[in-house]
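Report on the following structure.
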Amino acid sequence: MYLKPKKIHLHLGLEKPLRILHLTDLHLSLSDDRDSDEQREWAAKRREIFFREAESPSRDPVGFFEEAMEYAKQFDYTVITGDILDGLGHANIETARRILSGKEYLYCLGNHEFCTMKLDAKPEERESIRSLLKTVFRGNLTLDSHLVGGVNLIAADNSGYRWTEEQYELLQQEVAKGYPILLFTHSPLENGIRTLDPAFDRRTGVIYNHIVKNYGEEAIPTTRKVTDYIANEPLIKATFGGHFHADFVNEFGNKTTYILGGLFKGIVGEIHID
Ligand SMILES: [Fe+2]
Ligand SMILES: [Fe+2]
């Protein structure tokens, strides 16, 4: 096997142990002659960046993705936390559709699924991109859940760091089901997002400005409210994210956020729960 599994163990008092596969950040950067010269050059540059970041990986991203989705058959469920696509070129879309076709998984969108070359998509472009992404990834891409072995897995879109009132309501409905929850997002949850106080630290300042620029000042109180709700809700046992391409943990309220490295490096997360 070329994949590099990172294992974590959680104790929730289950009658039967459960194994969840977590995948994130493949950054597929394919292109072909249907794309413009500029798009092809950009994709080639991106492939080069991720090849170097992965320090000469043993397989290309397509190979890792195919192998990971095959490996997923050995698990009770799979959750993918975004940035599978690095741009929306034809070959990227077709490859992701082919590899994911007929598979069962939860998906949360990543910021790079809303990037057109170097730039973040404009706020008015996001809805049409979301419609296209719905043809690639299964499930409700705003917030979706799957109950397996007495554990409620939730995947939610916080690709632009913000949360919405709709997601707040959906989350409360999930909590009302009464099962222990593992919550997956692309951008890892952390204490700074609970305050969204630009003075908390430099990174919180960057996130604050990003939310205001893309969604307006009014998105701040809702994002704060939802993040705080997640941090305080006892049924949410742990949160999981990607985005940073490295493995580490964040403190988040009285829980832990487990951050997984990129699949373009061959990294896959195994969550063993008992
Ligand atoms: Fe990423
Ligand atoms: Fe990301």
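Each chain in the structure tokens gets a letter, A, B and so on, in the order shown; residues start at 1 in every chain, and ligands are counted from 1 in the order they appear.
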Test item: residues lying within 8 Å of ligand 2 with only C-alpha atoms and all ligand atoms, as a PyMOL selection string: chain A and resi 25+82-83+110-112+159+186-187+242-244
Could you take the residues named above and write them with C-alpha atoms, as a PDB file, in the first residue's frame?
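Saved to out_36.pdb:
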ATOM      1  CA  ASP A  25      -6.913  17.917   0.540  1.00  0.00           C
ATOM      2  CA  GLY A  82     -12.672  19.159   0.965  1.00  0.00           C
ATOM      3  CA  ASP A  83      -9.995  20.621  -1.321  1.00  0.00           C
ATOM      4  CA  GLY A 110     -13.006  23.248   0.813  1.00  0.00           C
ATOM      5  CA  ASN A 111     -11.910  26.771  -0.079  1.00  0.00           C
ATOM      6  CA  HIS A 112     -10.056  25.502  -3.177  1.00  0.00           C
ATOM      7  CA  SER A 159     -15.016  26.616   3.503  1.00  0.00           C
ATOM      8  CA  HIS A 186     -12.738  21.802   5.977  1.00  0.00           C
ATOM      9  CA  SER A 187     -11.357  24.721   7.993  1.00  0.00           C
ATOM     10  CA  GLY A 242      -8.021  19.544   6.910  1.00  0.00           C
ATOM     11  CA  HIS A 243      -6.827  22.629   5.040  1.00  0.00           C
ATOM     12  CA  PHE A 244      -3.339  22.870   6.592  1.00  0.00           C
TER      13      PHE A 244
END
Given a cut-off of 12 Å, what residues near ligand 1 show up using only C-alpha atoms and all ligand atoms, put as a ChimeraX atom specification? /A:23-29,46,49-50,53,81-87,109-115,159,186-188,241-246,259-265
Kindly export the residues of the current selection with C-alpha atoms, as an mmCIF file, in the first residue's frame.
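Resulting contents of result00.cif:
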data_model
loop_
_atom_site.group_PDB
_atom_site.id
_atom_site.type_symbol
_atom_site.label_atom_id
_atom_site.label_comp_id
_atom_site.auth_asym_id
_atom_site.auth_seq_id
_atom_site.Cartn_x
_atom_site.Cartn_y
_atom_site.Cartn_z
ATOM 1 C CA LEU A 23 -9.622 11.917 3.656
ATOM 2 C CA THR A 24 -8.810 15.531 2.829
ATOM 3 C CA ASP A 25 -6.913 17.917 0.540
ATOM 4 C CA LEU A 26 -6.057 15.982 -2.605
ATOM 5 C CA HIS A 27 -5.661 19.195 -4.650
ATOM 6 C CA LEU A 28 -6.319 17.558 -7.988
ATOM 7 C CA SER A 29 -4.762 19.921 -10.573
ATOM 8 C CA ARG A 46 -0.047 23.844 -8.986
ATOM 9 C CA ILE A 49 3.802 22.985 -5.937
ATOM 10 C CA PHE A 50 2.035 19.945 -4.460
ATOM 11 C CA GLU A 53 5.197 19.935 -0.833
ATOM 12 C CA THR A 81 -13.171 17.233 4.185
ATOM 13 C CA GLY A 82 -12.672 19.159 0.965
ATOM 14 C CA ASP A 83 -9.995 20.621 -1.321
ATOM 15 C CA ILE A 84 -10.226 17.456 -3.422
ATOM 16 C CA LEU A 85 -10.350 19.775 -6.453
ATOM 17 C CA ASP A 86 -7.773 22.500 -6.937
ATOM 18 C CA GLY A 87 -9.809 24.420 -9.500
ATOM 19 C CA LEU A 109 -16.452 21.646 0.581
ATOM 20 C CA GLY A 110 -13.006 23.248 0.813
ATOM 21 C CA ASN A 111 -11.910 26.771 -0.079
ATOM 22 C CA HIS A 112 -10.056 25.502 -3.177
ATOM 23 C CA GLU A 113 -13.311 24.200 -4.611
ATOM 24 C CA PHE A 114 -14.236 27.891 -4.889
ATOM 25 C CA CYS A 115 -10.995 29.071 -6.511
ATOM 26 C CA SER A 159 -15.016 26.616 3.503
ATOM 27 C CA HIS A 186 -12.738 21.802 5.977
ATOM 28 C CA SER A 187 -11.357 24.721 7.993
ATOM 29 C CA PRO A 188 -10.398 23.319 11.396
ATOM 30 C CA GLY A 241 -10.625 19.229 9.637
ATOM 31 C CA GLY A 242 -8.021 19.544 6.910
ATOM 32 C CA HIS A 243 -6.827 22.629 5.040
ATOM 33 C CA PHE A 244 -3.339 22.870 6.592
ATOM 34 C CA HIS A 245 -1.906 19.764 4.845
ATOM 35 C CA ALA A 246 -0.237 18.640 8.099
ATOM 36 C CA ILE A 259 -6.365 18.101 11.679
ATOM 37 C CA LEU A 260 -5.302 15.690 8.946
ATOM 38 C CA GLY A 261 -2.537 16.103 6.350
ATOM 39 C CA GLY A 262 -3.169 16.105 2.603
ATOM 40 C CA LEU A 263 -4.095 13.047 0.556
ATOM 41 C CA PHE A 264 -1.731 14.416 -2.137
ATOM 42 C CA LYS A 265 0.995 13.235 0.283
#
All helix (DSSP H, G or I) residues (DSSP, backbone) inside range 39-250 of chain A, as a count of residues only: 100
Who sits within 12 Å of Leu132 in chain A, only C-alpha atoms, same chain under 2 positions skipped, as a ChimeraX atom specification: /A:87-90,93-94,97,113-114,125-130,134-138,141
Print the selection's residues with N, CA and C atoms to a file, as a compact mmCIF listing (two decimals), in the first residue's frame.
# COMPACT_ATOMS: atom_id res chain seq x y z
N GLY A 87 -9.31 23.82 -8.27
CA GLY A 87 -9.81 24.42 -9.50
C GLY A 87 -10.85 23.53 -10.16
N LEU A 88 -11.57 24.12 -11.13
CA LEU A 88 -12.77 23.48 -11.65
C LEU A 88 -12.65 23.11 -13.13
N GLY A 89 -11.42 22.76 -13.56
CA GLY A 89 -11.21 22.34 -14.95
C GLY A 89 -11.96 21.05 -15.27
N HIS A 90 -12.19 20.82 -16.59
CA HIS A 90 -12.96 19.65 -17.02
C HIS A 90 -12.38 18.35 -16.49
N ILE A 93 -13.01 17.74 -12.74
CA ILE A 93 -14.40 17.38 -12.46
C ILE A 93 -14.67 15.94 -12.87
N GLU A 94 -14.25 15.59 -14.09
CA GLU A 94 -14.54 14.23 -14.60
C GLU A 94 -13.84 13.16 -13.77
N ARG A 97 -15.59 12.77 -10.39
CA ARG A 97 -16.87 12.07 -10.60
C ARG A 97 -16.64 10.57 -10.80
N GLU A 113 -12.23 24.54 -3.69
CA GLU A 113 -13.31 24.20 -4.61
C GLU A 113 -14.04 25.46 -5.07
N PHE A 114 -13.66 26.60 -4.48
CA PHE A 114 -14.24 27.89 -4.89
C PHE A 114 -13.14 28.82 -5.41
N GLU A 125 -20.36 34.56 -7.57
CA GLU A 125 -20.08 33.36 -8.38
C GLU A 125 -20.26 32.07 -7.57
N ARG A 126 -20.34 32.21 -6.25
CA ARG A 126 -20.28 31.02 -5.39
C ARG A 126 -21.47 30.08 -5.60
N GLU A 127 -22.67 30.66 -5.86
CA GLU A 127 -23.85 29.79 -6.01
C GLU A 127 -23.77 28.92 -7.26
N SER A 128 -23.25 29.51 -8.37
CA SER A 128 -23.19 28.69 -9.59
C SER A 128 -22.09 27.63 -9.44
N ILE A 129 -21.01 27.96 -8.73
CA ILE A 129 -19.96 26.96 -8.49
C ILE A 129 -20.53 25.83 -7.62
N ARG A 130 -21.31 26.23 -6.60
CA ARG A 130 -21.93 25.24 -5.73
C ARG A 130 -22.84 24.29 -6.53
N LYS A 134 -22.35 20.23 -6.86
CA LYS A 134 -23.40 19.25 -6.51
C LYS A 134 -23.46 18.12 -7.52
N THR A 135 -22.91 18.35 -8.72
CA THR A 135 -22.90 17.28 -9.73
C THR A 135 -21.66 16.39 -9.58
N VAL A 136 -20.76 16.77 -8.69
CA VAL A 136 -19.53 16.00 -8.48
C VAL A 136 -19.60 15.20 -7.19
N PHE A 137 -20.04 15.88 -6.10
CA PHE A 137 -20.04 15.27 -4.77
C PHE A 137 -21.46 14.98 -4.33
N ARG A 138 -21.64 13.90 -3.61
CA ARG A 138 -22.98 13.50 -3.19
C ARG A 138 -23.40 14.22 -1.90
N LEU A 141 -24.51 19.49 0.59
CA LEU A 141 -23.18 20.09 0.77
C LEU A 141 -23.20 21.26 1.76
Could you tell me how far CA of Leu182 in chain A lies from CA of Lys7 in chain A, in Å and to one decimal? 15.5 Å
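Closest approach to Phe248 in chain A among A:Ala121, A:His146, A:Gly269, A:Gly13 is made by A:Gly269 (distances from only C-alpha atoms).
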Using only C-alpha atoms, what does the table of range 109-176 of chain A residues within 9 Å of range 219-237 of chain A look like, with each row giving the shortest atom pair and its distance in Å to one decimal, sorted by chain and ascending number, as a Markdown table?
| residue | atom | partner | partner_atom | distance |
| --- | --- | --- | --- | --- |
| A:Tyr161 | CA | A:Thr223 | CA | 8.0 |
| A:Arg162 | CA | A:Thr223 | CA | 5.2 |
| A:Trp163 | CA | A:Thr223 | CA | 4.6 |
| A:Thr164 | CA | A:Thr222 | CA | 6.2 |
| A:Glu165 | CA | A:Thr222 | CA | 6.6 |
| A:Gln167 | CA | A:Val226 | CA | 8.2 |
| A:Tyr168 | CA | A:Val226 | CA | 6.0 |
| A:Leu171 | CA | A:Ile230 | CA | 8.7 |
| A:Val175 | CA | A:Leu235 | CA | 6.8 |
Please write the residues from the selection above to a file, keeping N, CA and C atoms, as a CSV table (one decimal), in the first residue's frame.
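New file out.csv:
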chain,number,residue,atom,x,y,z
A,161,TYR,N,-15.0,30.0,6.2
A,161,TYR,CA,-14.9,30.2,7.6
A,161,TYR,C,-16.2,30.6,8.3
A,162,ARG,N,-17.2,30.9,7.5
A,162,ARG,CA,-18.4,31.4,8.1
A,162,ARG,C,-19.4,30.3,8.3
A,163,TRP,N,-20.4,30.5,9.2
A,163,TRP,CA,-21.5,29.7,9.4
A,163,TRP,C,-22.8,30.5,9.2
A,164,THR,N,-23.9,29.7,8.9
A,164,THR,CA,-25.1,30.4,8.6
A,164,THR,C,-26.2,30.0,9.5
A,165,GLU,N,-27.3,30.8,9.6
A,165,GLU,CA,-28.5,30.4,10.4
A,165,GLU,C,-29.1,29.1,10.0
A,167,GLN,N,-27.5,26.5,8.8
A,167,GLN,CA,-26.6,25.5,9.4
A,167,GLN,C,-26.8,25.3,10.9
A,168,TYR,N,-27.1,26.5,11.6
A,168,TYR,CA,-27.4,26.5,13.0
A,168,TYR,C,-28.6,25.6,13.3
A,171,LEU,N,-27.9,21.9,12.6
A,171,LEU,CA,-27.0,21.4,13.7
A,171,LEU,C,-27.8,21.0,14.9
A,175,VAL,N,-28.3,17.5,16.9
A,175,VAL,CA,-28.1,17.3,18.3
A,175,VAL,C,-29.3,16.7,19.0
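Every protein or nucleic acid residue with an atom no more than 9 Å from Glu174 in chain A, counting only C-alpha atoms and leaving out same-chain residues fewer than 6 positions away, appears here: Ser145, Asn152, Ile154 and Ile181 of chain A.
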Written file, previous selection with C-alpha atoms, as a compact mmCIF listing (two decimals), in the first residue's frame:
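After the write, again27.txt holds the following:
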# COMPACT_ATOMS: atom_id res chain seq x y z
CA SER A 145 -25.09 13.57 8.49
CA ASN A 152 -23.71 10.56 14.20
CA ILE A 154 -21.74 15.34 10.45
CA ILE A 181 -21.46 13.42 17.21
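Considering the residues A:Leu21, A:Leu12, A:Val206, A:Ala238 and counting only C-alpha atoms, Glu251 in chain A has its shortest atom-to-atom contact with A:Ala238.
Residues lying within 8 Å of Glu67 in chain A, counting only C-alpha atoms and ignoring same-chain neighbours fewer than 4 positions away, are Leu3, Gly63 and Tyr71 of chain A.
The coordinates place CA of Lys213 in chain A at 11.2 Å from CA of Asp120 in chain A.
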What's the separation between CA of Ile273 in chain A and CA of Leu14 in chain A, in Å to one decimal place? 7.6 Å
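Residues of range 172-242 of chain A that DSSP, applied to the backbone, places in strand (DSSP E or B): Ile181, Leu182, Leu183, Phe184, Thr185, Ile236, Lys237, Ala238, Thr239, Phe240 and Gly241 of chain A.
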For Ile80 in chain A, please output as a PDB file with C-alpha atoms, in the first residue's frame all residues within 8 Å (counting only C-alpha atoms; exclusion window: fewer than 4 positions along the same chain).
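Output below, filename part13.pdb:
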ATOM      1  CA  HIS A  22     -11.014  10.504   6.917  1.00  0.00           C
ATOM      2  CA  LEU A  23      -9.622  11.917   3.656  1.00  0.00           C
ATOM      3  CA  THR A  24      -8.810  15.531   2.829  1.00  0.00           C
ATOM      4  CA  TYR A 105     -19.282   9.144   1.884  1.00  0.00           C
ATOM      5  CA  LEU A 106     -19.947  12.515   3.499  1.00  0.00           C
ATOM      6  CA  TYR A 107     -18.338  15.559   1.911  1.00  0.00           C
ATOM      7  CA  CYS A 108     -17.622  19.084   3.097  1.00  0.00           C
TER       8      CYS A 108
END
Closest of A:Lys4, A:Arg98, A:Lys103, A:Lys118 to Arg59 in chain A, counting only C-alpha atoms, is A:Lys4
